[in-house]
Amino acid sequence: MKPTPYVGEFEYSVLLAVLHMDGGDDAYAVPVRALLEARTGRPVARGALYTALERLEGKGCLRSRMGDPTAERGGKARRYFSVTPLGVRALKAMHASLSNLSRGLEALLEEP
Amino acid sequence: MTPTPVPPPVAEALLRLSVRDAEWRDAVAGDLREELAAVAAARGPEAATRWYWRQAVPLACRFAISRIVPAWRPARRRLAVADVEQTSTLGAGWSREVRHAWRALAQRPGLSGVIVGTLAVALAANAVIFSLADALYLRPFRFPDVNQLLLVSSDTSLDAPYLDRESVAPADFRDWRLTATTVSAMAAAEFWDPNLSGVDVPEQLPGFRVTPGFFELLGATPVAGRTFTEAEGRAEAGRVAVISHAAWQRRFGGDPGIVGRTIRLEGEPYEVVGVMPPRFAIPYGADVWAPLALADAAWADRTGGNLMVFGRIAAGHSLDDAREELRAIAARQAAEHPATNRARGVTVMSFARGLGDEAIGPFLVIWQGAALLLLLVACANIANLLLARATERQPEIDIRLALGAGRARLVLQLLIEGACLATLGVAAGAGLALLAMRTARDILPASVVRFVPGYEYLRLDVTALGVMAALGAVATIAFALVPALQATQRAGGQHLARGTRAATASSGRQWMRSALAGAQVALSLALIIAAALIVGGVRRAADGAMGFDKQQLMTAELTLAERPYATEAARRRFVATALDRLAGEPGVTVAAAASSLPYATGYATRPFEAEGAVVTDARQEARTTDFVRVTPGYFDAMRIPLLAGRDLTAGDGPDAPAIAVVSRTLAERCFGGADPLGRRFRLAPDGPWITITGVVDDVIQDWISGQRRPTVYRPMAQDPTLRVTLLARTAVTPAMLASGMRRAVAAADADQPILLLRPMTAVVSDRLAGLDYFANVLTVMSGIAIILALTGMYSLMTYLAARRAREMGVRLALGATPGQVTWLGVSRALAITGGGLAAGAVLAAALGRAMQTALFGLVEPEATVITGAIVGLAVIALAAGYLPARRAAGRDPWQALRTE
């Protein structure tokens with residue numbers, strides 16, 4: 001079994017965003033970025049997103065396929081992403097480590 | 001519906017340029033267009049265009065950087081190194097330096113492998129050859145004070161090609177022993193190969209009769225029993241013997257009660273009084289020793305003798321002192337006893353030189369020379385490969401210098417790399433040498449081993465290996481340092497000026513590499529020609545004209561026991577009976593006997609004096625001739641043609657006039673073209689006159705000289721000897737006559753052992769086995785040299801072709817044909833090969849002349865061999881140059897331009 005890759009904080013966010021879109025027609029860079037900005041409340045640089053997507057694909061956490069070219073995009077195709085089982089494992093590991101760290105701090109952290 | 005907005009073309013082009021991956025390019029551009037539509041709809045087309053630029057430029061930068069970064073990686077690694085370059089000090093981090101060096105070597109496994117292999121092969125060859133030379137020639141005898149021992153012989157003539165070590169008359173020996181003061185002790189030995197009988201298989205043992213004190217002189221003490229007493233040196237004393245450790249083990253099963261046991265030698269009972277230690281077999285692999293017990297009358301004999309004389313130099317004197325004194329004594333003897341000693345001189349030599357096989361010396365010198373040539377070829381090869389590597393690494397070194405690396409550190413680093421290569425090479429070389437040594441020992445033919453003193457010391461000489469390893473290591477390390485030394489010669493600002501792309505070697509270094517490749521070709525050519533000449537010589541000796549027909553002949557060599565065959569009549573009877581029986585064996589066409597065979601050991605020589613020849617100066621006029629006793633039918637059996645006169649017949653018996661048949665060379669040399677038939681000669685100053693009745697063609701008696709030596713054939717019936725060789729020409733396979741031979745000998749004497757039973761072809765090949773071995777080793781060495789030289793040429797050409805790939809690409813792109821581009825490389829190879837061959841031919845000529853002198857005419861320069869070697873080497877060297885050049889010319893010019 002491949003060792004679970006380590007994902008950084010931003011990659012963790014990107015993975016979660018892609019998972020939200022998973023399988024759908026929105027699992028490509030534009031909606032993923034919109035979701036990230038909407039949920040985190042922070043601006044996300046396009047370049048940073050592309051780099052993260054590429055790197056996650058390289059780590060085996062994501063896989064991608066090209067859609068059909070559309071006139072709307074000037075004849076360019078979309079690149080759709082989906083999270084691989086390895087990506088899910090990476091997410092779980094990161095999630096577990098964060099929860100472990102935050103255990104006992106719930107009172108403070110979940111304070112509105 | 002609003003028309004689809006169009007992004008600013010320049011911005012989109014920029015973006016598209018920066019993204020390397022086509023899919024990503026589409027995805028990114030498409031994403032931006034998609035959002036552009038939304039922005040245009042919300043804020044208008046102009047704002048959308050500005051927005052597009054703001055998005056595209058940072059994206060393009062990001063992608064552009066990530067596109068260049070992989071290409072930057074080496075630079076980044078060097079930057080990381082630069083950190084280390086400046087912070088670390090010389091002594092710190094040795095292990096890091098060594099790790100770095102291993103990594104640098106592992107990056108080019110092929111090159112490192114070839115360097116290590118080359119070094120290993122050259123080291124192994126040199127160490128093995130040196131060990132052979134050391135054991136067989138330089139120090140064949142290793143017992144205490146061997147340098148204080150000497151050997152004395154009498155010389156009877158000047159033109160004897162070899163030293164006659166068994167030549168001293170008993171009375172001369174007694175004079176020396178009594179008068180010499182520079183020699184503290186002297187002992188004499190006489191050949192005595194007794195037949196051991198009374199055992200299941202009778203055998204002839206190599207042995208000697210020695211004067212009491214012989215073992216003490218040599219500093220040898222028996223492992224069991226004792227040596228001989230003074231009393232046993234007298235004629236009337238009882239028969240006692242000392243046996244060798246080998247004989248004790250082999251013939252008596254290591255019987256612990258051997259001392260005091262009685263064994264039968266020459267049919268007589270001898271009491272074994274001692275057993276010598278293992279490996280003591282002096283002289284000539286002796287297995288048994290008995291006292292040399294001569295009667296007083298015999299001790300007074302001055303007319304001639306066959307004693308070997310050993311001595312120990314007295315304290316405070318040298319070999320030269322002993323030589324001078326013994327010469328003075330010999331001169332006095334000549335004056336006092338002119339009748340016998342007038343023409344007699346004395347030769348004094350060291351024990352090792354005297355008992356060592358002098359013929360082996362030149363061979364080992366040639367071997368050693370060849371091994372050194374091989375080492376030179378290997379060093380040139382290593383230098384060449386390391387220089388190639390240096391050119392390749394120049395940019396790296398330049399950059400490191402520019403980044404502030406200390407020169408001492410750079411030199412140290414390359415030094416460590418060189419040391420790593422040398423370590424690997426030496427380790428591999430040592431392993432290979434051990435293996436080669438074992439092989440060299442095992443394939444040394446047994447027939448050679450018996451006559452080679454020092455074989456028992458044959459093992460890998462650690463000192464020699466150490467010296468060779470040091471030599472190879474120094475060469476490797478020195479050439480590994482070249483790039484550092486060259487780089488540090490340049491001023492700081494120039495390091496990077498050349499850039500990394502145009503990394504063509506400086507013309508000086510290219511010249512050096514070409515010279516090295518040329519030198520390899522030259523040295524290999526010399527080695528090949530030397531080997532080819534010797535192989536040719538061996539082939540001539542084995543298959544060339546011998547003057548007789550070695551095919552379809554079976555031989556049996558034996559020595560009759562002294563006592564039962566004390567009378568000539570008994571010997572004649574034995575030979576007659578055995579030949580009678582042999583002739584009756586099925587398949588035998590002619591049966592004959594002789595005292596010795598060509599190419600076998602044990603032939604005799606005699607001084608030759610023609611009747612009527614005026615002897616002015618005895619020492620200069622004295623001639624020697626080979627001397628063989630043969631029975632009628634011998635020339636027929638050997639197929640030696642009779643040129644004049646008559647063959648020997650049964651009528652030439654003991655009572656008939658003394659006659660002889662002589663060889664053509666003797667007839668020509670001693671009678672100056674006059675008809676020799678009917679002329680007379682004698683073989684001893686007071687011997688009987690012998691009439692020449694026939695002349696036969698020459699036979700090559702001796703394998704090493706190949707010379708046609710004068711030979712006298714006497715009827716065996718008129719001068720029967722104890723040494724008899726039976727031979728039978730047969731229509732069947734000679735080996736099938738073995739049992740017939742045994743039956744014939746047994747019919748004459750059931751107790752008579754046969755020393756050697758073999759076909760004549762085996763007599764020749766056994767004699768040549770050592771020479772064959774020698775030639776084979778030399779051939780292997782020249783083969784290695786050729787491979788090394790070709791590796792050198794091939795690597796140089798491959799390297800040059802790679803370096804000039806851009807140039808070739810440009811030439812091809814500009815319309816040069818592949819043939820023209822190939823010629824670029826081949827012309828270089830041609831120049832190198834031509835230069836190398838010219839130098840090699842000069843070297844080979846000098847070497848050939850030296851070998852001709854050293855090897856007594858065994859080697860003859862043959863034009864076909866030399867031309868063949870030159871043409872052959874030229875063809876393969878050019879092929880090694882042609883292949884890389886053609887491969888380079890065959891490449892796509894664009895690819896060549898791009899890959900640089």
# chains A, B, ... in the order shown; residues from 1 in each chain; ligands from 1

call {"tool": "interface_residues", "arguments": {"of": "chain A", "to": "chain B", "cutoff": "7 Å", "atoms": "only C-alpha atoms", "output": "JSON list (two decimals) with N, CA and C atoms, in the first residue's frame"}}
result
[["chain", "number", "residue", "atom", "x", "y", "z"],
["A", 30, "VAL", "N", -12.57, 26.81, -11.72],
["A", 30, "VAL", "CA", -13.34, 28.03, -11.43],
["A", 30, "VAL", "C", -14.30, 27.86, -10.25],
["A", 47, "GLY", "N", -3.04, 31.26, -9.48],
["A", 47, "GLY", "CA", -1.78, 30.51, -9.67],
["A", 47, "GLY", "C", -1.58, 29.51, -8.54],
["A", 72, "GLU", "N", -18.18, 28.68, -25.14],
["A", 72, "GLU", "CA", -18.09, 29.63, -24.04],
["A", 72, "GLU", "C", -16.65, 29.86, -23.60],
["A", 73, "ARG", "N", -15.85, 28.80, -23.71],
["A", 73, "ARG", "CA", -14.45, 28.88, -23.27],
["A", 73, "ARG", "C", -13.50, 29.10, -24.43],
["A", 74, "GLY", "N", -14.03, 29.56, -25.54],
["A", 74, "GLY", "CA", -13.16, 29.81, -26.70],
["A", 74, "GLY", "C", -12.61, 28.52, -27.25],
["A", 76, "LYS", "N", -11.98, 25.83, -25.58],
["A", 76, "LYS", "CA", -11.08, 25.11, -24.68],
["A", 76, "LYS", "C", -11.89, 24.16, -23.80],
["A", 77, "ALA", "N", -11.27, 23.04, -23.43],
["A", 77, "ALA", "CA", -11.96, 22.05, -22.61],
["A", 77, "ALA", "C", -11.74, 22.37, -21.13],
["A", 78, "ARG", "N", -12.60, 21.83, -20.29],
["A", 78, "ARG", "CA", -12.42, 21.95, -18.85],
["A", 78, "ARG", "C", -11.60, 20.77, -18.34],
["A", 79, "ARG", "N", -10.90, 21.06, -17.24],
["A", 79, "ARG", "CA", -10.16, 19.97, -16.61],
["A", 79, "ARG", "C", -10.89, 19.64, -15.32]]

call {"tool": "select_by_dssp", "arguments": {"residues": "segment 523-672 of chain B", "states": "strand (DSSP E)", "output": "PyMOL selection string"}}
result
chain B and resi 553-559+588-594+604-610+623-630+642-645+659-663

call {"tool": "write_last_selection", "arguments": {"atoms": "N, CA and C atoms", "output": "compact mmCIF listing (two decimals), in the first residue's frame"}}
result
# COMPACT_ATOMS: atom_id res chain seq x y z
N LEU B 553 55.86 -42.55 -34.71
CA LEU B 553 57.01 -43.08 -34.00
C LEU B 553 56.64 -43.25 -32.53
N MET B 554 56.99 -44.42 -31.98
CA MET B 554 56.79 -44.63 -30.54
C MET B 554 58.17 -44.74 -29.91
N THR B 555 58.34 -44.17 -28.72
CA THR B 555 59.65 -44.22 -28.07
C THR B 555 59.52 -44.73 -26.64
N ALA B 556 60.58 -45.34 -26.15
CA ALA B 556 60.66 -45.75 -24.75
C ALA B 556 62.05 -45.40 -24.24
N GLU B 557 62.12 -44.50 -23.28
CA GLU B 557 63.42 -44.11 -22.73
C GLU B 557 63.67 -44.87 -21.43
N LEU B 558 64.87 -45.41 -21.30
CA LEU B 558 65.18 -46.13 -20.07
C LEU B 558 66.67 -46.05 -19.78
N THR B 559 67.02 -46.30 -18.53
CA THR B 559 68.42 -46.32 -18.13
C THR B 559 68.70 -47.67 -17.50
N VAL B 588 54.87 -52.89 -36.20
CA VAL B 588 56.18 -52.24 -36.21
C VAL B 588 56.83 -52.43 -37.57
N THR B 589 57.21 -51.34 -38.21
CA THR B 589 57.88 -51.47 -39.50
C THR B 589 59.39 -51.41 -39.34
N VAL B 590 59.89 -50.48 -38.49
CA VAL B 590 61.32 -50.43 -38.23
C VAL B 590 61.52 -50.25 -36.72
N ALA B 591 62.44 -51.01 -36.14
CA ALA B 591 62.77 -50.84 -34.74
C ALA B 591 64.23 -50.47 -34.64
N ALA B 592 64.55 -49.53 -33.76
CA ALA B 592 65.94 -49.11 -33.60
C ALA B 592 66.13 -48.60 -32.18
N ALA B 593 67.40 -48.30 -31.84
CA ALA B 593 67.67 -47.76 -30.52
C ALA B 593 68.70 -46.65 -30.66
N ALA B 594 68.70 -45.75 -29.70
CA ALA B 594 69.66 -44.65 -29.70
C ALA B 594 69.96 -44.28 -28.26
N ALA B 604 74.53 -36.03 -25.34
CA ALA B 604 75.90 -35.82 -24.90
C ALA B 604 76.65 -34.96 -25.91
N THR B 605 77.68 -34.30 -25.45
CA THR B 605 78.57 -33.60 -26.36
C THR B 605 80.00 -34.08 -26.12
N ARG B 606 80.83 -33.96 -27.13
CA ARG B 606 82.22 -34.39 -27.03
C ARG B 606 83.11 -33.38 -27.75
N PRO B 607 84.34 -33.23 -27.27
CA PRO B 607 85.28 -32.44 -28.07
C PRO B 607 85.59 -33.19 -29.36
N PHE B 608 85.78 -32.46 -30.44
CA PHE B 608 85.97 -33.10 -31.75
C PHE B 608 87.32 -32.68 -32.30
N GLU B 609 88.11 -33.68 -32.72
CA GLU B 609 89.42 -33.37 -33.28
C GLU B 609 89.60 -34.16 -34.55
N ALA B 610 89.66 -33.46 -35.69
CA ALA B 610 89.84 -34.15 -36.97
C ALA B 610 91.31 -34.50 -37.13
N ARG B 623 86.71 -27.93 -30.61
CA ARG B 623 85.34 -27.92 -31.10
C ARG B 623 84.56 -28.97 -30.35
N THR B 624 83.26 -28.74 -30.26
CA THR B 624 82.46 -29.81 -29.67
C THR B 624 81.46 -30.30 -30.70
N THR B 625 81.03 -31.49 -30.51
CA THR B 625 80.02 -32.05 -31.39
C THR B 625 79.01 -32.81 -30.54
N ASP B 626 77.78 -32.79 -30.99
CA ASP B 626 76.78 -33.65 -30.34
C ASP B 626 77.15 -35.10 -30.64
N PHE B 627 76.87 -35.95 -29.70
CA PHE B 627 77.34 -37.32 -29.81
C PHE B 627 76.20 -38.29 -29.48
N VAL B 628 75.86 -39.10 -30.45
CA VAL B 628 74.75 -40.03 -30.26
C VAL B 628 75.20 -41.43 -30.69
N ARG B 629 74.79 -42.43 -29.92
CA ARG B 629 75.04 -43.81 -30.36
C ARG B 629 73.71 -44.34 -30.87
N VAL B 630 73.78 -44.97 -32.06
CA VAL B 630 72.53 -45.47 -32.63
C VAL B 630 72.74 -46.88 -33.17
N LEU B 642 70.09 -40.23 -45.80
CA LEU B 642 71.52 -40.48 -45.93
C LEU B 642 72.00 -39.73 -47.17
N LEU B 643 73.00 -38.85 -47.01
CA LEU B 643 73.43 -38.00 -48.13
C LEU B 643 74.60 -38.62 -48.89
N ALA B 644 75.49 -39.30 -48.16
CA ALA B 644 76.67 -39.87 -48.84
C ALA B 644 77.14 -41.07 -48.04
N GLY B 645 77.90 -41.92 -48.67
CA GLY B 645 78.47 -43.07 -47.97
C GLY B 645 77.42 -44.12 -47.67
N ILE B 659 83.86 -46.86 -36.65
CA ILE B 659 83.35 -45.99 -37.70
C ILE B 659 82.28 -45.07 -37.13
N ALA B 660 81.88 -44.09 -37.95
CA ALA B 660 80.80 -43.20 -37.52
C ALA B 660 80.15 -42.59 -38.75
N VAL B 661 78.88 -42.20 -38.58
CA VAL B 661 78.19 -41.40 -39.58
C VAL B 661 78.12 -39.99 -39.00
N VAL B 662 78.36 -38.96 -39.82
CA VAL B 662 78.33 -37.60 -39.28
C VAL B 662 77.24 -36.79 -39.97
N SER B 663 76.87 -35.70 -39.32
CA SER B 663 75.83 -34.85 -39.90
C SER B 663 76.44 -33.92 -40.93

call {"tool": "residues_around", "arguments": {"residues": "Ala93 of chain A", "least_positions_apart": "3", "cutoff": "12 Å", "atoms": "only C-alpha atoms", "output": "VMD selection string"}}
result
chain A and resid 3 to 8 12 86 to 90 96 to 100

call {"tool": "residues_around", "arguments": {"residues": "Arg758 of chain B", "least_positions_apart": "5", "cutoff": "12 Å", "atoms": "only C-alpha atoms", "output": "JSON, numbers by chain"}}
result
{"B": [550, 551, 552, 553, 554, 555, 556, 557, 558, 600, 725, 726, 727, 728, 733, 734, 735, 736, 737, 738, 739, 741, 742, 763, 764, 765, 766]}

call {"tool": "select_by_dssp", "arguments": {"residues": "segment 251-487 of chain B", "states": "alpha helix (DSSP H)", "output": "compact mmCIF listing (two decimals) with C-alpha atoms, in the first residue's frame"}}
result
# COMPACT_ATOMS: atom_id res chain seq x y z
CA ARG B 251 57.16 -44.53 -2.65
CA PHE B 252 57.13 -45.59 1.00
CA ASP B 296 91.95 -43.51 -4.60
CA ALA B 297 92.85 -44.16 -8.22
CA ALA B 298 89.63 -42.56 -9.36
CA TRP B 299 90.26 -39.50 -7.18
CA LEU B 319 82.18 -14.31 -5.20
CA ASP B 320 84.74 -12.33 -7.19
CA ASP B 321 87.51 -13.27 -4.75
CA ALA B 322 86.58 -16.93 -5.12
CA ARG B 323 86.46 -16.62 -8.91
CA GLU B 324 89.88 -15.01 -9.02
CA GLU B 325 91.47 -17.56 -6.76
CA LEU B 326 89.97 -20.57 -8.52
CA ARG B 327 91.07 -19.19 -11.88
CA ALA B 328 94.59 -18.84 -10.55
CA ILE B 329 94.48 -22.43 -9.31
CA ALA B 330 93.18 -23.60 -12.70
CA ALA B 331 96.04 -21.77 -14.44
CA ARG B 332 98.51 -23.48 -12.14
CA GLN B 333 96.89 -26.85 -12.84
CA ALA B 334 97.16 -26.20 -16.57
CA ALA B 335 100.85 -25.53 -16.16
CA GLU B 336 101.46 -28.56 -13.96
CA PRO B 338 99.48 -29.81 -19.54
CA ALA B 339 98.45 -33.18 -20.95
CA THR B 340 95.00 -32.98 -19.39
CA ASN B 341 94.42 -29.45 -18.18
CA PHE B 351 74.48 -20.94 -6.73
CA ALA B 352 71.20 -19.42 -7.85
CA ARG B 353 72.57 -18.47 -11.27
CA GLY B 354 74.35 -21.77 -11.63
CA LEU B 355 71.44 -24.03 -10.77
CA ILE B 360 64.27 -19.12 -18.41
CA GLY B 361 65.93 -15.75 -17.79
CA PRO B 362 65.40 -14.13 -21.19
CA PHE B 363 61.84 -15.41 -21.31
CA LEU B 364 60.99 -13.89 -17.98
CA VAL B 365 62.69 -10.65 -18.95
CA ILE B 366 60.48 -10.53 -22.04
CA TRP B 367 57.44 -11.41 -19.96
CA GLN B 368 58.25 -8.68 -17.51
CA GLY B 369 58.86 -6.25 -20.34
CA ALA B 370 55.53 -7.16 -21.89
CA ALA B 371 53.79 -6.71 -18.55
CA LEU B 372 55.34 -3.27 -18.17
CA LEU B 373 54.19 -2.36 -21.68
CA LEU B 374 50.75 -3.49 -20.66
CA LEU B 375 50.91 -1.31 -17.56
CA LEU B 376 51.94 1.65 -19.72
CA VAL B 377 49.04 1.01 -22.09
CA ALA B 378 46.72 0.82 -19.10
CA CYS B 379 48.08 4.03 -17.61
CA ALA B 380 47.64 5.81 -20.95
CA ASN B 381 44.10 4.47 -21.10
CA ILE B 382 43.28 5.65 -17.60
CA ALA B 383 44.86 9.04 -18.26
CA ASN B 384 42.83 9.39 -21.42
CA LEU B 385 39.55 8.49 -19.76
CA LEU B 386 40.23 10.79 -16.84
CA LEU B 387 41.09 13.66 -19.17
CA ALA B 388 37.80 13.12 -20.96
CA ARG B 389 36.07 13.23 -17.62
CA ALA B 390 38.02 16.36 -16.74
CA THR B 391 36.81 18.23 -19.81
CA GLU B 392 33.29 17.16 -19.02
CA ARG B 393 33.57 18.42 -15.47
CA GLN B 394 35.31 21.67 -16.26
CA PRO B 395 32.05 23.68 -16.15
CA GLU B 396 31.18 22.26 -12.77
CA ILE B 397 34.57 23.16 -11.42
CA ASP B 398 34.40 26.62 -12.95
CA ILE B 399 31.06 27.25 -11.33
CA ARG B 400 32.24 26.01 -7.98
CA LEU B 401 35.27 28.25 -8.18
CA ALA B 402 33.03 31.16 -9.14
CA ARG B 407 41.12 25.66 -4.53
CA ALA B 408 42.53 23.42 -1.86
CA ARG B 409 39.09 21.98 -1.37
CA LEU B 410 38.59 21.34 -5.06
CA VAL B 411 41.97 19.66 -5.35
CA LEU B 412 41.22 17.62 -2.26
CA GLN B 413 37.91 16.53 -3.65
CA LEU B 414 39.39 15.37 -6.96
CA LEU B 415 42.19 13.71 -5.04
CA ILE B 416 39.63 11.74 -3.07
CA GLU B 417 37.87 10.77 -6.27
CA GLY B 418 41.15 9.55 -7.72
CA ALA B 419 41.87 7.66 -4.53
CA CYS B 420 38.45 6.01 -4.66
CA LEU B 421 39.06 4.87 -8.24
CA ALA B 422 42.51 3.63 -7.32
CA THR B 423 41.17 1.77 -4.28
CA LEU B 424 38.56 -0.01 -6.36
CA GLY B 425 41.12 -0.77 -9.07
CA VAL B 426 43.66 -2.14 -6.64
CA ALA B 427 41.06 -4.26 -4.85
CA ALA B 428 39.80 -5.71 -8.12
CA GLY B 429 43.39 -6.11 -9.31
CA ALA B 430 44.38 -8.06 -6.21
CA GLY B 431 41.44 -10.41 -6.63
CA LEU B 432 42.18 -10.90 -10.29
CA ALA B 433 45.87 -11.44 -9.56
CA LEU B 434 45.10 -14.19 -7.04
CA LEU B 435 42.89 -15.88 -9.59
CA ALA B 436 45.41 -15.48 -12.40
CA MET B 437 48.22 -16.74 -10.19
CA ARG B 438 46.32 -19.89 -9.40
CA THR B 439 45.60 -20.42 -13.08
CA ALA B 440 49.21 -19.74 -14.02
CA ARG B 441 50.33 -22.32 -11.45
CA ASP B 442 47.83 -24.92 -12.48
CA ILE B 443 48.42 -24.75 -16.19
CA ALA B 446 54.19 -30.91 -15.29
CA SER B 447 57.09 -31.63 -17.60
CA VAL B 448 58.26 -28.06 -17.08
CA VAL B 449 57.64 -28.05 -13.36
CA VAL B 462 52.60 -9.24 -2.02
CA THR B 463 55.45 -6.75 -2.28
CA ALA B 464 55.21 -6.80 -6.06
CA LEU B 465 51.48 -6.31 -5.91
CA GLY B 466 52.05 -3.41 -3.51
CA VAL B 467 54.56 -1.73 -5.80
CA MET B 468 52.31 -2.14 -8.83
CA ALA B 469 49.31 -0.91 -6.87
CA ALA B 470 51.23 2.18 -5.77
CA LEU B 471 52.22 2.84 -9.37
CA GLY B 472 48.69 2.49 -10.67
CA ALA B 473 47.26 4.56 -7.83
CA VAL B 474 49.72 7.38 -8.38
CA ALA B 475 48.90 7.45 -12.10
CA THR B 476 45.16 7.46 -11.44
CA ILE B 477 45.30 10.14 -8.77
CA ALA B 478 47.67 12.32 -10.78
CA PHE B 479 45.40 12.35 -13.81
CA ALA B 480 42.32 12.82 -11.67
CA LEU B 481 43.87 16.06 -10.43
CA VAL B 482 44.36 17.54 -13.92
CA PRO B 483 41.05 19.46 -14.10
CA ALA B 484 41.59 21.09 -10.74
CA LEU B 485 45.11 22.09 -11.59
CA GLN B 486 44.14 23.43 -14.99
CA ALA B 487 41.15 25.30 -13.64

call {"tool": "closest_residue", "arguments": {"among": "B:Val273, B:Ala846, B:Glu862, B:Ala127", "to": "Arg459 of chain B", "atoms": "only C-alpha atoms"}}
result
B:Ala127

call {"tool": "atom_distance", "arguments": {"atom1": "atom CA of Ala844 of chain B", "atom2": "atom CA of Leu136 of chain B"}}
result
26.7 Å

call {"tool": "residues_around", "arguments": {"residues": "Ala315 of chain B", "least_positions_apart": "3", "cutoff": "9 Å", "atoms": "only C-alpha atoms", "output": "list of chain:residue names"}}
result
B:Gln148, B:Thr182, B:Val183, B:Ser184, B:Ser318

call {"tool": "closest_residue", "arguments": {"among": "A:Leu108, A:Leu56, A:Leu62, A:Leu16", "to": "Ser82 of chain A", "atoms": "only C-alpha atoms"}}
result
A:Leu62

call {"tool": "atom_distance", "arguments": {"atom1": "atom CA of Phe548 of chain B", "atom2": "atom CA of Val699 of chain B"}}
result
6.5 Å
